[in-house]
file coords.tsv (TSV, C-alpha atoms)
chain	number	residue	atom	x	y	z
A	292	MET	CA	-5.58	15.20	44.92
A	293	ASN	CA	-6.15	14.28	41.25
A	294	THR	CA	-4.12	11.49	39.69
A	295	PRO	CA	-2.51	12.60	36.39
A	296	LEU	CA	-3.07	10.50	33.30
A	297	ARG	CA	0.23	8.87	32.36
A	298	ILE	CA	0.98	8.87	28.62
A	299	GLY	CA	3.94	6.83	27.39
A	300	VAL	CA	6.12	8.00	24.50
A	301	LEU	CA	9.50	7.16	22.99
A	302	LYS	CA	12.17	9.60	21.80
A	303	LEU	CA	10.62	9.98	18.36
A	304	ALA	CA	9.22	12.87	16.35
A	305	ASP	CA	5.88	11.03	16.18
A	306	SER	CA	5.48	11.93	19.85
A	307	ALA	CA	5.22	15.64	18.99
A	308	PRO	CA	1.43	15.96	19.49
A	309	VAL	CA	1.74	14.72	23.08
A	310	ILE	CA	4.77	16.92	23.83
A	311	MET	CA	3.22	20.00	22.24
A	312	GLY	CA	-0.17	19.24	23.79
A	313	GLN	CA	1.52	19.55	27.15
A	314	GLN	CA	3.78	22.51	26.36
A	315	GLN	CA	1.08	24.52	24.60
A	316	GLY	CA	-1.41	23.95	27.43
A	317	ILE	CA	-3.80	22.07	25.15
A	318	PHE	CA	-4.37	19.21	27.58
A	319	ALA	CA	-4.95	21.67	30.41
A	320	ARG	CA	-7.50	23.61	28.35
A	321	HIS	CA	-9.45	20.38	27.97
A	322	GLY	CA	-9.39	19.77	31.72
A	323	LEU	CA	-6.72	17.06	31.65
A	324	GLU	CA	-3.77	16.69	33.97
A	325	ILE	CA	-1.07	14.76	32.09
A	326	GLU	CA	2.22	13.15	33.06
A	327	ILE	CA	4.39	12.25	30.07
A	328	VAL	CA	6.47	9.12	30.62
A	329	VAL	CA	9.46	8.88	28.26
A	330	SER	CA	10.19	5.17	27.95
A	331	PRO	CA	13.50	3.62	26.83
A	332	SER	CA	12.00	0.97	24.54
A	333	TRP	CA	8.82	-0.30	22.95
A	334	ALA	CA	8.88	-3.29	25.28
A	335	ASN	CA	8.61	-0.87	28.21
A	336	ILE	CA	5.66	0.87	26.54
A	337	ALA	CA	3.83	-2.42	25.96
A	338	ASP	CA	4.46	-3.65	29.50
A	339	GLY	CA	3.38	-0.30	30.93
A	340	LEU	CA	0.05	-0.63	29.12
A	341	ALA	CA	-0.44	-4.30	29.96
A	342	TRP	CA	0.30	-3.84	33.66
A	343	ASN	CA	-1.54	-0.51	34.13
A	344	ARG	CA	1.56	1.60	34.67
A	345	LEU	CA	0.45	3.73	31.70
A	346	ASP	CA	-3.03	5.05	30.95
A	347	ALA	CA	-2.28	5.72	27.29
A	348	ALA	CA	0.63	5.61	24.86
A	349	VAL	CA	1.78	6.57	21.39
A	350	ILE	CA	2.58	3.23	19.75
A	351	PHE	CA	2.56	1.45	16.39
A	352	ALA	CA	-0.50	-0.66	15.62
A	353	PRO	CA	1.08	-4.16	15.46
A	354	LEU	CA	2.45	-3.98	19.00
A	355	ALA	CA	-0.75	-2.38	20.26
A	356	MET	CA	-2.82	-5.20	18.79
A	357	MET	CA	-0.54	-7.94	20.08
A	358	THR	CA	-0.65	-6.34	23.53
A	359	ALA	CA	-4.45	-6.20	23.33
A	360	LEU	CA	-4.42	-9.93	22.54
A	361	GLY	CA	-2.51	-10.58	25.77
A	362	ARG	CA	0.92	-11.28	24.24
A	363	ARG	CA	2.64	-9.31	27.03
A	364	GLY	CA	1.56	-11.95	29.54
A	365	HIS	CA	-1.49	-10.14	30.85
A	366	ASP	CA	-5.01	-9.49	29.58
A	367	THR	CA	-5.74	-5.84	28.97
A	368	GLY	CA	-8.66	-3.67	27.96
A	369	LEU	CA	-6.45	-1.74	25.55
A	370	ARG	CA	-8.34	0.13	22.83
A	371	PRO	CA	-7.38	2.68	20.15
A	372	LEU	CA	-8.25	6.34	20.62
A	373	GLY	CA	-7.14	7.46	17.16
A	374	ARG	CA	-4.37	8.07	14.68
A	375	ILE	CA	-1.27	10.12	15.39
A	376	SER	CA	0.99	9.92	12.33
A	377	ARG	CA	1.59	8.49	8.87
A	378	GLY	CA	4.84	7.36	7.27
A	379	GLY	CA	8.30	8.48	8.31
A	380	ASN	CA	10.11	5.14	8.62
A	381	THR	CA	13.49	4.99	6.88
A	382	ILE	CA	15.55	1.97	5.81
A	383	MET	CA	19.22	2.87	6.26
A	384	LEU	CA	22.33	0.85	5.39
A	385	ARG	CA	25.88	1.40	6.55
A	386	GLY	CA	28.66	2.24	4.12
A	387	ALA	CA	28.42	3.60	0.59
A	388	ASN	CA	25.45	3.27	-1.75
A	389	PRO	CA	26.52	1.33	-4.85
A	390	VAL	CA	23.85	3.07	-6.94
A	391	GLU	CA	22.31	6.52	-7.09
A	392	GLY	CA	19.42	7.17	-4.70
A	393	ALA	CA	16.83	4.73	-3.40
A	394	TRP	CA	16.86	1.15	-4.63
A	395	ASN	CA	14.32	0.22	-7.30
A	396	ALA	CA	12.13	-2.86	-7.19
A	397	GLY	CA	13.11	-6.09	-8.93
A	398	SER	CA	16.50	-6.94	-10.37
A	399	PRO	CA	18.02	-3.42	-10.07
A	400	GLY	CA	17.38	-3.48	-6.32
A	401	ARG	CA	18.61	-7.05	-6.05
A	402	GLN	CA	21.85	-6.14	-7.85
A	403	ALA	CA	22.34	-3.12	-5.57
A	404	PHE	CA	21.84	-5.33	-2.51
A	405	ASP	CA	24.38	-7.86	-3.77
A	406	LEU	CA	26.98	-5.16	-4.48
A	407	TRP	CA	26.46	-3.64	-1.04
A	408	ALA	CA	26.45	-7.01	0.76
A	409	MET	CA	29.78	-7.91	-0.85
A	410	THR	CA	31.38	-4.99	1.00
A	411	ILE	CA	30.05	-6.35	4.32
A	412	GLY	CA	31.66	-9.75	3.81
A	413	ARG	CA	29.04	-11.69	5.77
A	414	LYS	CA	25.29	-11.88	6.18
A	415	PRO	CA	24.19	-8.27	6.90
A	416	ARG	CA	22.85	-7.47	10.37
A	417	ILE	CA	19.71	-5.34	10.07
A	418	ALA	CA	17.90	-3.92	13.10
A	419	VAL	CA	14.27	-3.11	13.72
A	420	VAL	CA	12.82	-1.42	16.79
A	421	HIS	CA	10.55	-4.31	17.80
A	422	MET	CA	9.49	-7.61	16.29
A	423	TYR	CA	5.84	-6.53	16.39
A	424	SER	CA	6.44	-3.28	14.53
A	425	THR	CA	5.43	-1.55	11.32
A	426	HIS	CA	9.18	-1.20	10.80
A	427	LEU	CA	9.60	-4.96	10.46
A	428	LEU	CA	6.61	-5.14	8.12
A	429	ILE	CA	7.96	-2.27	5.98
A	430	LEU	CA	11.43	-3.86	5.91
A	431	ARG	CA	9.96	-7.24	4.94
A	432	ARG	CA	7.95	-5.70	2.11
A	433	PHE	CA	10.95	-3.71	0.87
A	434	LEU	CA	13.22	-6.77	0.81
A	435	LYS	CA	10.53	-8.72	-1.01
A	436	MET	CA	10.33	-5.89	-3.58
A	437	ILE	CA	14.03	-6.34	-4.36
A	438	ASP	CA	13.86	-10.15	-4.27
A	439	VAL	CA	15.77	-10.54	-1.01
A	440	SER	CA	14.62	-13.02	1.66
A	441	MET	CA	14.34	-11.51	5.12
A	442	GLU	CA	14.45	-15.00	6.64
A	443	ASP	CA	17.52	-16.29	4.78
A	444	GLU	CA	19.67	-13.38	3.61
A	445	ILE	CA	19.91	-11.06	6.62
A	446	ASP	CA	20.36	-11.44	10.36
A	447	LEU	CA	17.57	-9.56	12.11
A	448	SER	CA	18.12	-7.85	15.46
A	449	VAL	CA	15.99	-5.67	17.73
A	450	MET	CA	17.04	-2.48	19.49
A	451	PRO	CA	15.45	0.83	20.55
A	452	PRO	CA	15.59	3.53	17.87
A	453	THR	CA	17.88	5.76	19.94
A	454	ASP	CA	20.49	2.96	20.08
A	455	MET	CA	20.78	2.50	16.32
A	456	ILE	CA	22.99	5.54	15.73
A	457	GLN	CA	25.68	4.27	18.10
A	458	ALA	CA	25.32	0.73	16.76
A	459	LEU	CA	25.89	1.98	13.21
A	460	ALA	CA	28.90	4.02	14.34
A	461	GLU	CA	30.42	0.95	16.03
A	462	ASN	CA	29.61	-1.39	13.09
A	463	ALA	CA	27.48	-3.45	15.46
A	464	ILE	CA	24.70	-3.39	12.87
A	465	ASP	CA	24.80	-2.88	9.11
A	466	GLY	CA	21.49	-1.11	8.81
A	467	GLY	CA	18.02	-0.73	10.17
A	468	CYS	CA	14.47	0.41	9.67
A	469	VAL	CA	13.87	3.24	12.09
A	470	GLY	CA	11.40	6.04	12.75
A	471	PRO	CA	11.95	9.79	12.60
A	472	PRO	CA	14.29	11.52	13.10
A	473	TRP	CA	16.87	8.75	13.52
A	474	GLY	CA	17.13	7.75	9.86
A	475	ILE	CA	17.91	11.27	8.67
A	476	GLU	CA	20.24	11.70	11.65
A	477	ALA	CA	22.27	8.67	10.51
A	478	GLU	CA	22.36	10.11	7.00
A	479	GLN	CA	23.38	13.59	8.14
A	480	ARG	CA	26.19	12.11	10.23
A	481	GLY	CA	27.47	10.05	7.31
A	482	LEU	CA	26.82	6.76	9.09
A	483	ALA	CA	24.36	5.30	6.59
A	484	PHE	CA	22.47	5.92	3.37
A	485	ARG	CA	18.77	5.63	2.63
A	486	VAL	CA	17.58	2.84	0.33
A	487	GLY	CA	13.85	3.10	0.95
A	488	GLY	CA	11.21	3.41	3.60
A	489	SER	CA	7.58	4.25	4.10
A	490	ALA	CA	7.33	6.43	0.98
A	491	THR	CA	8.93	3.70	-1.14
A	492	VAL	CA	7.01	0.72	0.19
A	493	LEU	CA	3.59	1.94	1.33
A	494	PRO	CA	3.08	5.70	1.02
A	495	ASP	CA	0.84	7.34	3.61
A	496	HIS	CA	0.48	4.23	5.76
A	497	VAL	CA	-0.69	4.71	9.35
A	498	GLU	CA	2.39	4.67	11.57
A	499	LYS	CA	1.68	5.71	15.18
A	500	ILE	CA	-1.66	5.54	16.93
A	501	ILE	CA	-2.64	6.40	20.47
A	502	VAL	CA	-4.18	3.72	22.62
A	503	ALA	CA	-5.82	3.91	26.02
A	504	SER	CA	-6.05	1.40	28.82
A	505	GLY	CA	-9.24	0.10	30.34
A	506	LYS	CA	-8.72	2.49	33.26
A	507	LEU	CA	-8.91	5.56	31.06
A	508	LEU	CA	-11.67	4.11	28.88
A	509	SER	CA	-13.79	3.39	31.94
A	510	CYS	CA	-14.61	7.09	31.97
A	511	ASP	CA	-16.29	8.19	28.74
A	512	ALA	CA	-15.92	11.89	29.58
A	513	THR	CA	-12.17	11.58	30.04
A	514	GLY	CA	-11.83	9.66	26.78
A	515	ARG	CA	-13.68	12.41	24.91
A	516	ARG	CA	-11.53	15.10	26.47
A	517	MET	CA	-8.39	13.20	25.51
A	518	SER	CA	-9.60	12.74	21.93
A	519	HIS	CA	-10.46	16.44	21.60
A	520	ALA	CA	-7.14	17.53	23.09
A	521	LEU	CA	-5.21	15.28	20.71
A	522	ARG	CA	-7.22	16.63	17.78
A	523	ASP	CA	-6.10	20.16	18.68
A	524	ALA	CA	-2.50	19.10	19.35
A	525	ILE	CA	-2.27	17.30	16.00
A	526	ALA	CA	-3.72	20.34	14.22
A	527	PHE	CA	-0.98	22.45	15.84
A	528	CYS	CA	1.74	20.00	14.69
A	529	GLN	CA	0.38	19.88	11.15
A	530	GLN	CA	1.22	23.54	10.55
A	531	PRO	CA	4.56	23.96	8.69
A	532	GLY	CA	4.90	27.36	10.35
A	533	HIS	CA	5.27	25.62	13.71
A	534	ARG	CA	8.08	23.33	12.51
A	535	ALA	CA	10.99	25.24	14.07
A	536	ASP	CA	9.21	25.64	17.40
A	537	ILE	CA	8.27	21.95	17.50
A	538	ALA	CA	11.83	20.89	16.62
A	539	ARG	CA	13.25	23.03	19.42
A	540	ALA	CA	10.71	21.63	21.88
A	541	LEU	CA	11.55	18.04	20.93
A	542	ALA	CA	15.29	18.76	21.09
A	543	ALA	CA	15.04	20.02	24.68
A	544	PRO	CA	16.19	17.69	27.48
A	545	VAL	CA	13.63	15.31	28.95
A	546	ALA	CA	13.91	17.17	32.26
A	547	ASP	CA	12.67	20.29	30.46
A	548	GLY	CA	9.73	18.55	28.80
A	549	GLY	CA	11.47	17.56	25.57
A	550	LEU	CA	12.84	14.33	24.11
A	551	THR	CA	16.52	15.21	23.51
A	552	LEU	CA	16.11	14.70	19.75
A	553	PRO	CA	18.77	15.96	17.30
A	554	LEU	CA	17.60	19.43	16.25
A	555	ALA	CA	18.60	19.56	12.56
A	556	ALA	CA	17.33	16.06	11.76
A	557	THR	CA	14.08	16.66	13.61
A	558	GLU	CA	13.39	19.92	11.79
A	559	ALA	CA	14.08	18.19	8.47
A	560	ILE	CA	11.48	15.44	8.97
A	561	LEU	CA	8.61	17.55	10.38
A	562	PRO	CA	5.83	18.87	8.09
A	563	GLY	CA	7.40	21.43	5.76
A	564	GLY	CA	10.87	19.90	6.10
A	565	ASP	CA	13.06	18.73	3.23
A	566	ALA	CA	13.71	15.11	4.25
A	567	ARG	CA	12.66	12.37	1.84
A	568	GLU	CA	10.83	10.50	4.62
A	569	CYS	CA	8.89	13.20	6.45
A	570	VAL	CA	6.41	12.33	9.15
A	571	THR	CA	2.81	13.41	8.59
A	572	PHE	CA	0.54	14.05	11.55
A	573	ALA	CA	-2.93	12.63	10.97
A	574	GLY	CA	-5.67	12.53	13.56
A	575	GLY	CA	-9.15	11.09	13.48
A	576	SER	CA	-10.52	7.67	14.29
A	577	LEU	CA	-8.67	4.55	13.29
A	578	LEU	CA	-10.40	2.86	10.33
A	579	PRO	CA	-10.41	-0.74	9.08
A	580	SER	CA	-8.64	0.45	5.93
A	581	ASP	CA	-5.77	1.72	8.11
A	582	LEU	CA	-5.13	-1.75	9.50
A	583	ASP	CA	-6.00	-4.10	6.61
A	584	TRP	CA	-2.43	-4.43	5.37
A	585	ILE	CA	-0.99	-4.68	8.89
A	586	ILE	CA	-3.33	-7.46	10.01
A	587	SER	CA	-2.84	-9.32	6.70
A	588	ASP	CA	0.94	-9.20	7.11
A	589	MET	CA	0.68	-10.24	10.77
A	590	THR	CA	-1.44	-13.23	9.73
A	591	ALA	CA	0.99	-14.17	6.93
A	592	LEU	CA	3.87	-14.11	9.43
A	593	GLY	CA	1.97	-16.42	11.80
A	594	TRP	CA	1.65	-13.84	14.57
A	595	VAL	CA	-2.12	-14.28	14.67
A	596	ASP	CA	-4.52	-16.95	13.47
A	597	ASN	CA	-7.74	-16.42	11.51
A	598	ALA	CA	-9.88	-16.14	14.63
A	599	GLU	CA	-7.57	-13.49	16.08
A	600	HIS	CA	-7.60	-11.75	12.69
A	601	GLN	CA	-11.35	-11.30	13.04
A	602	MET	CA	-10.97	-10.17	16.66
A	603	LEU	CA	-8.52	-7.47	15.59
A	604	MET	CA	-10.87	-6.14	12.93
A	605	ARG	CA	-13.47	-5.72	15.69
A	606	TRP	CA	-10.85	-4.15	17.97
A	607	ILE	CA	-11.16	-0.80	16.22
A	608	ALA	CA	-14.92	-0.59	16.66
A	609	PRO	CA	-16.02	2.49	18.64
A	610	VAL	CA	-16.09	2.01	22.39
A	611	PRO	CA	-19.65	2.47	23.76
A	612	ALA	CA	-20.18	5.17	26.34
A	613	ASN	CA	-19.90	3.67	29.81
A	614	PRO	CA	-19.35	6.28	32.51
A	615	ALA	CA	-18.18	4.70	35.77
A	616	PRO	CA	-17.27	5.82	39.28
A	617	ALA	CA	-13.60	5.74	38.24
A	618	CYS	CA	-14.27	9.06	36.45
A	619	ALA	CA	-14.05	10.94	39.70
A	620	ARG	CA	-10.55	9.63	40.26
A	621	LEU	CA	-9.35	10.38	36.71
A	622	LEU	CA	-10.77	13.85	36.16

call {"tool": "encode", "arguments": {"input": "coords.tsv", "output": "structure tokens"}}
result
Amino acid sequence: MNTPLRIGVLKLADSAPVIMGQQQGIFARHGLEIEIVVSPSWANIADGLAWNRLDAAVIFAPLAMMTALGRRGHDTGLRPLGRISRGGNTIMLRGANPVEGAWNAGSPGRQAFDLWAMTIGRKPRIAVVHMYSTHLLILRRFLKMIDVSMEDEIDLSVMPPTDMIQALAENAIDGGCVGPPWGIEAEQRGLAFRVGGSATVLPDHVEKIIVASGKLLSCDATGRRMSHALRDAIAFCQQPGHRADIARALAAPVADGGLTLPLAATEAILPGGDARECVTFAGGSLLPSDLDWIISDMTALGWVDNAEHQMLMRWIAPVPANPAPACARLL
């Protein structure tokens, strides 16, 4: 009996290529048997990769790289297979926006922050989905743009993206930087307003990638099949004409192969939608230019040293073909 490849995802619209790859039979057409594992948090994804409970996962690059460096307490052969998405992160704040629209850089943004913070009455609590996330890096860059110190002027907390809606509703947090569709969902429900995000801070940045464990990469044929299947699944998700079908698939319960995402918000942020922070699906190999800003920010924050910086730049180098007996077990 064949062992399915286990791919980890979170309840995010970025996971659409994996969900649609399964539902549209794309993985099967490429000779792959897939089990999708819907994880509750990014920590679960990272641990699943580090401890071989997952063969691959949709993940943001900072956490993938830190996991590859052994920061989850275990060495791993984790390597990138390619890009999945660009952009889509939204910075949301609770309450009423003191100005019109997104906050501008410099003193106008600083003044807007001060007016908003006065209504909170204490240091604002802002959430990100993981410390090693593009969300934290985007939030840090945005706050720097408006002359606000992330270290001194906010209290930072970490929670899964699906928990932020309830936390906003209960005033447990005052805002957050979150991936699609949860930012637009907070806005549509009147829980928060958008002040910026990926499009404001770093348009078209690489957001989610797919990484594979050493187990999957030990079989070159399986890796190629996975890459080709994801190429076709991403091409399907890039078509605006498929937006409604994808949104319905993602809104379905997990038991039915979906992710239980909010339908209206999900449809708004998919390609062809009208949200201000839409997700863009982008395949192909990960390039050094995709990671330059991420690794530079990680180094500036002290997450990695100069030697690890160089190791991470080599991390995206193509994996040489190395078929192994494990192929028979994976195919």

call {"tool": "residues_around", "arguments": {"input": "coords.tsv", "residues": "Gln479 of chain A", "least_positions_apart": "3", "cutoff": "12 Å", "atoms": "all atoms listed in the file", "output": "list in words"}}
result
Met383, Ile456, Pro472, Trp473, Gly474, Ile475, Glu476, Leu482, Ala483, Phe484, Arg485, Pro553, Leu554, Ala555, Ala556, Thr557, Ala559 and Ala566 of chain A

call {"tool": "atom_distance", "arguments": {"input": "coords.tsv", "atom1": "atom CA of Ile500 of chain A", "atom2": "atom CA of Ala355 of chain A"}}
result
8.6 Å

call {"tool": "residues_around", "arguments": {"input": "coords.tsv", "residues": "Ser448 of chain A", "least_positions_apart": "6", "cutoff": "10 Å", "atoms": "all atoms listed in the file", "output": "list in words"}}
result
Arg416, Ile417, Ala418, Val419, Val420, His421, Met422, Ile464 and Gly467 of chain A

call {"tool": "residues_near_point", "arguments": {"input": "coords.tsv", "point": "(2.9, 14.0, 30.3)", "cutoff": "9 Å", "atoms": "all atoms listed in the file", "output": "VMD selection string"}}
result
chain A and resid 295 to 300 309 to 310 312 to 313 324 to 329 548

call {"tool": "residues_around", "arguments": {"input": "coords.tsv", "residues": "Val502 of chain A", "least_positions_apart": "5", "cutoff": "7 Å", "atoms": "only C-alpha atoms", "output": "PyMOL selection string"}}
result
chain A and resi 347-349+369-372

call {"tool": "closest_atom_pairs", "arguments": {"input": "coords.tsv", "of": "segment 371-435 of chain A", "to": "segment 586-594 of chain A", "cutoff": "10 Å", "atoms": "all atoms listed in the file", "output": "Markdown table"}}
result
| residue | atom | partner | partner_atom | distance |
| --- | --- | --- | --- | --- |
| A:Tyr423 | CA | A:Met589 | CA | 8.5 |
| A:Ser424 | CA | A:Met589 | CA | 9.8 |
| A:Thr425 | CA | A:Asp588 | CA | 9.8 |
| A:Leu428 | CA | A:Asp588 | CA | 7.0 |
| A:Ile429 | CA | A:Asp588 | CA | 9.9 |
| A:Arg431 | CA | A:Asp588 | CA | 9.5 |
| A:Arg432 | CA | A:Asp588 | CA | 9.3 |

call {"tool": "residues_near_point", "arguments": {"input": "coords.tsv", "point": "(18.4, -4.3, -4.5)", "cutoff": "12 Å", "atoms": "all atoms listed in the file", "output": "PyMOL selection string"}}
result
chain A and resi 384+388-408+433-440+486-487

call {"tool": "atom_distance", "arguments": {"input": "coords.tsv", "atom1": "atom CA of Ala458 of chain A", "atom2": "atom CA of Leu301 of chain A"}}
result
18.2 Å

call {"tool": "residues_around", "arguments": {"input": "coords.tsv", "residues": "Glu498 of chain A", "least_positions_apart": "4", "cutoff": "12 Å", "atoms": "all atoms listed in the file", "output": "PyMOL selection string"}}
result
chain A and resi 303-306+349-355+373-380+424-426+428-429+469-471+488-490+493-494+569-574+577+581-582+585

call {"tool": "residues_around", "arguments": {"input": "coords.tsv", "residues": "Gly481 of chain A", "least_positions_apart": "4", "cutoff": "9 Å", "atoms": "all atoms listed in the file", "output": "list of chain:residue names"}}
result
A:Arg385, A:Gly386, A:Glu476, A:Ala477

call {"tool": "closest_residue", "arguments": {"input": "coords.tsv", "among": "A:Met455, A:Met356, A:Ile382, A:Leu430", "to": "Arg567 of chain A", "atoms": "all atoms listed in the file"}}
result
A:Ile382

call {"tool": "atom_distance", "arguments": {"input": "coords.tsv", "atom1": "atom CA of Pro308 of chain A", "atom2": "atom CA of Arg362 of chain A"}}
result
27.7 Å

call {"tool": "build_atoms", "arguments": {"input": "coords.tsv", "residues": "segment 406-427 of chain A", "atoms": "N, CA, C and O atoms", "output": "PDB file, in the frame of the given file"}}
result
ATOM      1  N   LEU A 406      25.764  -5.963  -4.470  1.00  0.00           N
ATOM      2  CA  LEU A 406      26.980  -5.160  -4.480  1.00  0.00           C
ATOM      3  C   LEU A 406      27.297  -4.628  -3.095  1.00  0.00           C
ATOM      4  O   LEU A 406      28.457  -4.635  -2.657  1.00  0.00           O
ATOM      5  N   TRP A 407      26.244  -4.155  -2.393  1.00  0.00           N
ATOM      6  CA  TRP A 407      26.460  -3.640  -1.040  1.00  0.00           C
ATOM      7  C   TRP A 407      26.859  -4.756  -0.083  1.00  0.00           C
ATOM      8  O   TRP A 407      27.800  -4.600   0.708  1.00  0.00           O
ATOM      9  N   ALA A 408      26.182  -5.901  -0.153  1.00  0.00           N
ATOM     10  CA  ALA A 408      26.450  -7.010   0.760  1.00  0.00           C
ATOM     11  C   ALA A 408      27.871  -7.538   0.589  1.00  0.00           C
ATOM     12  O   ALA A 408      28.494  -8.008   1.562  1.00  0.00           O
ATOM     13  N   MET A 409      28.410  -7.455  -0.617  1.00  0.00           N
ATOM     14  CA  MET A 409      29.780  -7.910  -0.850  1.00  0.00           C
ATOM     15  C   MET A 409      30.774  -7.094  -0.019  1.00  0.00           C
ATOM     16  O   MET A 409      31.800  -7.618   0.434  1.00  0.00           O
ATOM     17  N   THR A 410      30.472  -5.820   0.207  1.00  0.00           N
ATOM     18  CA  THR A 410      31.380  -4.990   1.000  1.00  0.00           C
ATOM     19  C   THR A 410      31.299  -5.310   2.480  1.00  0.00           C
ATOM     20  O   THR A 410      32.212  -4.973   3.241  1.00  0.00           O
ATOM     21  N   ILE A 411      30.210  -5.953   2.917  1.00  0.00           N
ATOM     22  CA  ILE A 411      30.050  -6.350   4.320  1.00  0.00           C
ATOM     23  C   ILE A 411      30.860  -7.603   4.612  1.00  0.00           C
ATOM     24  O   ILE A 411      31.476  -7.753   5.678  1.00  0.00           O
ATOM     25  N   GLY A 412      30.867  -8.540   3.657  1.00  0.00           N
ATOM     26  CA  GLY A 412      31.660  -9.750   3.810  1.00  0.00           C
ATOM     27  C   GLY A 412      31.024 -10.840   4.633  1.00  0.00           C
ATOM     28  O   GLY A 412      31.674 -11.839   4.958  1.00  0.00           O
ATOM     29  N   ARG A 413      29.770 -10.684   5.004  1.00  0.00           N
ATOM     30  CA  ARG A 413      29.040 -11.690   5.770  1.00  0.00           C
ATOM     31  C   ARG A 413      27.556 -11.362   5.611  1.00  0.00           C
ATOM     32  O   ARG A 413      27.199 -10.395   4.937  1.00  0.00           O
ATOM     33  N   LYS A 414      26.724 -12.167   6.230  1.00  0.00           N
ATOM     34  CA  LYS A 414      25.290 -11.880   6.180  1.00  0.00           C
ATOM     35  C   LYS A 414      25.033 -10.572   6.912  1.00  0.00           C
ATOM     36  O   LYS A 414      25.399 -10.418   8.077  1.00  0.00           O
ATOM     37  N   PRO A 415      24.404  -9.577   6.263  1.00  0.00           N
ATOM     38  CA  PRO A 415      24.190  -8.270   6.900  1.00  0.00           C
ATOM     39  C   PRO A 415      23.303  -8.369   8.138  1.00  0.00           C
ATOM     40  O   PRO A 415      22.336  -9.137   8.170  1.00  0.00           O
ATOM     41  N   ARG A 416      23.650  -7.569   9.153  1.00  0.00           N
ATOM     42  CA  ARG A 416      22.850  -7.470  10.370  1.00  0.00           C
ATOM     43  C   ARG A 416      21.973  -6.227  10.276  1.00  0.00           C
ATOM     44  O   ARG A 416      22.482  -5.102  10.267  1.00  0.00           O
ATOM     45  N   ILE A 417      20.669  -6.440  10.228  1.00  0.00           N
ATOM     46  CA  ILE A 417      19.710  -5.340  10.070  1.00  0.00           C
ATOM     47  C   ILE A 417      18.828  -5.287  11.321  1.00  0.00           C
ATOM     48  O   ILE A 417      18.304  -6.309  11.774  1.00  0.00           O
ATOM     49  N   ALA A 418      18.653  -4.093  11.859  1.00  0.00           N
ATOM     50  CA  ALA A 418      17.900  -3.920  13.100  1.00  0.00           C
ATOM     51  C   ALA A 418      16.514  -3.328  12.842  1.00  0.00           C
ATOM     52  O   ALA A 418      16.332  -2.520  11.923  1.00  0.00           O
ATOM     53  N   VAL A 419      15.581  -3.748  13.645  1.00  0.00           N
ATOM     54  CA  VAL A 419      14.270  -3.110  13.720  1.00  0.00           C
ATOM     55  C   VAL A 419      14.015  -2.769  15.187  1.00  0.00           C
ATOM     56  O   VAL A 419      14.706  -3.264  16.077  1.00  0.00           O
ATOM     57  N   VAL A 420      13.025  -1.926  15.432  1.00  0.00           N
ATOM     58  CA  VAL A 420      12.820  -1.420  16.790  1.00  0.00           C
ATOM     59  C   VAL A 420      12.014  -2.362  17.671  1.00  0.00           C
ATOM     60  O   VAL A 420      12.021  -2.240  18.889  1.00  0.00           O
ATOM     61  N   HIS A 421      11.303  -3.293  17.059  1.00  0.00           N
ATOM     62  CA  HIS A 421      10.550  -4.310  17.800  1.00  0.00           C
ATOM     63  C   HIS A 421      10.099  -5.349  16.783  1.00  0.00           C
ATOM     64  O   HIS A 421       9.880  -5.020  15.613  1.00  0.00           O
ATOM     65  N   MET A 422       9.953  -6.589  17.215  1.00  0.00           N
ATOM     66  CA  MET A 422       9.490  -7.610  16.290  1.00  0.00           C
ATOM     67  C   MET A 422       8.059  -7.341  15.835  1.00  0.00           C
ATOM     68  O   MET A 422       7.703  -7.595  14.682  1.00  0.00           O
ATOM     69  N   TYR A 423       7.225  -6.834  16.750  1.00  0.00           N
ATOM     70  CA  TYR A 423       5.840  -6.530  16.390  1.00  0.00           C
ATOM     71  C   TYR A 423       5.721  -5.059  15.991  1.00  0.00           C
ATOM     72  O   TYR A 423       5.053  -4.264  16.659  1.00  0.00           O
ATOM     73  N   SER A 424       6.392  -4.690  14.909  1.00  0.00           N
ATOM     74  CA  SER A 424       6.440  -3.280  14.530  1.00  0.00           C
ATOM     75  C   SER A 424       6.081  -3.093  13.063  1.00  0.00           C
ATOM     76  O   SER A 424       6.250  -3.998  12.235  1.00  0.00           O
ATOM     77  N   THR A 425       5.590  -1.905  12.727  1.00  0.00           N
ATOM     78  CA  THR A 425       5.430  -1.550  11.320  1.00  0.00           C
ATOM     79  C   THR A 425       6.785  -1.543  10.631  1.00  0.00           C
ATOM     80  O   THR A 425       6.876  -1.816   9.431  1.00  0.00           O
ATOM     81  N   HIS A 426       7.839  -1.245  11.383  1.00  0.00           N
ATOM     82  CA  HIS A 426       9.180  -1.200  10.800  1.00  0.00           C
ATOM     83  C   HIS A 426       9.568  -2.565  10.234  1.00  0.00           C
ATOM     84  O   HIS A 426      10.132  -2.644   9.133  1.00  0.00           O
ATOM     85  N   LEU A 427       9.296  -3.626  10.978  1.00  0.00           N
ATOM     86  CA  LEU A 427       9.600  -4.960  10.460  1.00  0.00           C
ATOM     87  C   LEU A 427       8.749  -5.259   9.233  1.00  0.00           C
ATOM     88  O   LEU A 427       9.248  -5.820   8.250  1.00  0.00           O
TER      89      LEU A 427
END
